[in-house]
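Enquirer: Got a structure for you, questions after.
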Amino acid sequence: MIIVIANQKGGVGKTTTAINLAAGIAALKKRVLLIDLDPQSNSSMSFMEPGTANGGAYELFADPDRSPEELIYETNTPNLSLMPARISLAKLEAKLIGDFDAPFKLRDRIEDLRGKFDVIIIDTPPTLGILTVNAMVAANHVIIPIQSSYFALEGTDDLLETIEKIRSRPNPDLNLLGVVVTLFDRRTTISHDVESHIRTVFGKKAFKTVISRSVRLEESPAHKKSIFDHAPRSTGAAEYQSLSKEVLKRA
Ligand SMILES: Nc1ncnc2c1ncn2[C@@H]1O[C@H](COP(=O)(O)OP(=O)(O)OP(=O)(O)O)[C@@H](O)[C@H]1O
Ligand SMILES: [Mg+2]
């Protein structure tokens with residue numbers, strides 16, 4: 001199963017969700033691979049020192065001589081492996097232009113990895129460019145994190161249209177697994193209003209679990225840990241554990 005975490009809006013909790021969902025599902029005894037396709041490398045930095053990898057997602061696209069297996073690293077979290085990103089990924093767009101199979105690169109290259117992992121989770125950059133499209137062509141499920149704030153749904157039409165386009169041609173198997181409300185602040189009316197609006201728009205596609213805004217979740221990347229290692233008894237850990245279970249049940 002391959003799950004892409006996507007929303008072209010920046011700062012909505014894609015990376016936080018990718019990291020903690022990957023760790024949460026790994027804790028449920030599934031073999032998980034987290035692929036970081038964002039040149040900002042935030043997912044990678046949560047599990048690895050920057051600059052220590054000898055290749056990763058960039059080489060997967062740019063260097064056909066490197067085997068995908070050697071671009072994967074074990075993390076300190078049992079059952080969780082990582083294919084890291086680096087800033088050069090930002091150059092790929094220009095490099096792949098004119099390549100007729102540009103949107104299919106990731107799918108073709110990770111074909112052999114599918115059998116080695118129960119779940120592959122892909123974190124994407126805040127654009128609907130070639131990297132996000134590659135992830136959607138390779139995946140069978142999409143999860144959309146939506147921040148519970150003003151303009152929360154701004155841009156979701158474009159995102160849903162992109163998913164539809166990919167479903168109509170290159171990848172009919174692509175399924176919207178669900179949308180998850182993130183950065184929820186239970187003390188504010190706006191958070192509650194946005195949550196109920198999202199539930200009206202997306203119906204059953206909205207996950208029951210809501211991810212609250214919390215200092216623990218915000219600080220855990222700085223400690224190079226998932227929320228389960230950084231603050232196992234926090235609300236954030238409970239919420240991401242509950243989301244992990246919901247995801248496995250739906251997928
Ligand atoms: N539930 C939360 N509580 C508190 N802070 C959070 C929470 N989720 C995310 N953040 C913080 O908000 C910021 C944006 O989150 P994150 O990096 O996960 O979003 P993103 O969608 O991946 O952003 P980008 O579009 O830049 O890749 C980060 O500083 C992160 O630590
Ligand atoms: Mg991110």
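Starting from 1 in every chain, residues are counted up; chains themselves are A, B, ... following the order of the structure tokens, and ligands are numbered from 1 as listed.
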Please identify the residues whose atoms come within 7 Å of ligand 2, using only C-alpha atoms and all ligand atoms, and report them as a ChimeraX atom specification.

Expert: /A:11,13-15,38,42,123-125

Enquirer: Save out the residues we just selected, N, CA and C atoms, as a PDB file, in the first residue's frame.

Expert:
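Once everything was written out, this is result.pdb:
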ATOM      1  N   GLY A  11       2.593  24.511   5.030  1.00  0.00           N
ATOM      2  CA  GLY A  11       2.463  24.592   6.477  1.00  0.00           C
ATOM      3  C   GLY A  11       1.172  24.064   7.070  1.00  0.00           C
ATOM      4  N   GLY A  13       0.656  20.830   7.877  1.00  0.00           N
ATOM      5  CA  GLY A  13       0.868  19.618   8.673  1.00  0.00           C
ATOM      6  C   GLY A  13       1.144  18.369   7.855  1.00  0.00           C
ATOM      7  N   LYS A  14       1.532  18.535   6.585  1.00  0.00           N
ATOM      8  CA  LYS A  14       1.864  17.359   5.762  1.00  0.00           C
ATOM      9  C   LYS A  14       3.008  16.566   6.374  1.00  0.00           C
ATOM     10  N   THR A  15       4.112  17.279   6.639  1.00  0.00           N
ATOM     11  CA  THR A  15       5.301  16.582   7.132  1.00  0.00           C
ATOM     12  C   THR A  15       5.076  16.003   8.524  1.00  0.00           C
ATOM     13  N   ASP A  38      10.136  16.129  -0.602  1.00  0.00           N
ATOM     14  CA  ASP A  38      10.167  17.578  -0.477  1.00  0.00           C
ATOM     15  C   ASP A  38      11.612  18.066  -0.395  1.00  0.00           C
ATOM     16  N   ASN A  42      12.287  18.205   5.370  1.00  0.00           N
ATOM     17  CA  ASN A  42      11.886  18.222   6.785  1.00  0.00           C
ATOM     18  C   ASN A  42      11.605  16.837   7.358  1.00  0.00           C
ATOM     19  N   ASP A 123       5.917  11.889   1.598  1.00  0.00           N
ATOM     20  CA  ASP A 123       5.699  13.295   1.950  1.00  0.00           C
ATOM     21  C   ASP A 123       6.020  14.132   0.714  1.00  0.00           C
ATOM     22  N   THR A 124       5.178  15.134   0.432  1.00  0.00           N
ATOM     23  CA  THR A 124       5.343  15.912  -0.795  1.00  0.00           C
ATOM     24  C   THR A 124       5.522  17.402  -0.495  1.00  0.00           C
ATOM     25  N   PRO A 125       6.081  18.142  -1.475  1.00  0.00           N
ATOM     26  CA  PRO A 125       6.256  19.589  -1.271  1.00  0.00           C
ATOM     27  C   PRO A 125       4.926  20.338  -1.449  1.00  0.00           C
TER      28      PRO A 125
END

Enquirer: Could you list, as an NGL selection string, all protein and nucleic acid residues with an atom at most 8 Å from ligand 1, counting only C-alpha atoms and all ligand atoms?

Expert: :A and (7-18 or 38 or 40 or 42 or 123-126 or 145 or 182-184 or 211-221 or 236)

Enquirer: Using DSSP on the backbone, list every residue of range 15-174 of chain A that comes out as strand (DSSP E), and give them as a list in words.

Expert: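 After running DSSP on the backbone, range 15-174 of chain A has strand (DSSP E) at Val32, Leu33, Leu34, Ile35, Asp36, Tyr73, Glu74, Leu80, Ser81, Leu82, Met83, Val119, Ile120, Ile121, Ile122, Asp123, His141, Val142, Ile143, Ile144, Pro145, Ile146 and Gln147 of chain A.
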
Enquirer: Within 7 Å of range 164-175 of chain A, which residues of range 74-147 of chain A come that close, and what is the closest atom pair and distance in Å for each? Count only C-alpha atoms and give it as a tab-separated table.

Expert:
residue	atom	partner	partner_atom	distance
A:Val137	CA	A:Asn171	CA	5.5
A:Ala139	CA	A:Leu174	CA	6.5
A:Asn140	CA	A:Leu174	CA	4.4
A:His141	CA	A:Asn175	CA	4.8
A:Val142	CA	A:Asn175	CA	6.2

Enquirer: Given the selection you just returned, output its residues as a file containing N, CA and C atoms, formatted as a compact mmCIF listing (two decimals), in the first residue's frame.

Expert:
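Saved result, selection_28.txt, follows:
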# COMPACT_ATOMS: atom_id res chain seq x y z
N VAL A 137 0.96 9.32 -9.00
CA VAL A 137 0.93 8.27 -10.02
C VAL A 137 1.39 6.93 -9.40
N ALA A 139 1.11 6.11 -6.12
CA ALA A 139 0.38 5.71 -4.91
C ALA A 139 -0.96 5.06 -5.21
N ASN A 140 -1.55 4.41 -4.20
CA ASN A 140 -2.96 4.05 -4.35
C ASN A 140 -3.87 4.81 -3.40
N HIS A 141 -3.30 5.54 -2.45
CA HIS A 141 -4.15 6.34 -1.55
C HIS A 141 -3.57 7.74 -1.36
N VAL A 142 -4.46 8.73 -1.21
CA VAL A 142 -4.04 10.10 -0.87
C VAL A 142 -4.67 10.48 0.47

Enquirer: Which of these residues is nearest to Ser226 in chain A, using only C-alpha atoms: A:Ser88, A:Asn54, A:Thr189, A:Gln241?

Expert: A:Gln241

Enquirer: Can I get the residues of range 2-27 of chain A within 12 Å of range 64-75 of chain A, each with the closest pair of atoms and their distance in Å to one decimal, using only C-alpha atoms, sorted chain first then ascending number, as a tab-separated table?

Expert:
residue	atom	partner	partner_atom	distance
A:Ile19	CA	A:Thr75	CA	11.7
A:Ala22	CA	A:Thr75	CA	11.4
A:Ala23	CA	A:Thr75	CA	10.1
A:Ala26	CA	A:Thr75	CA	11.1
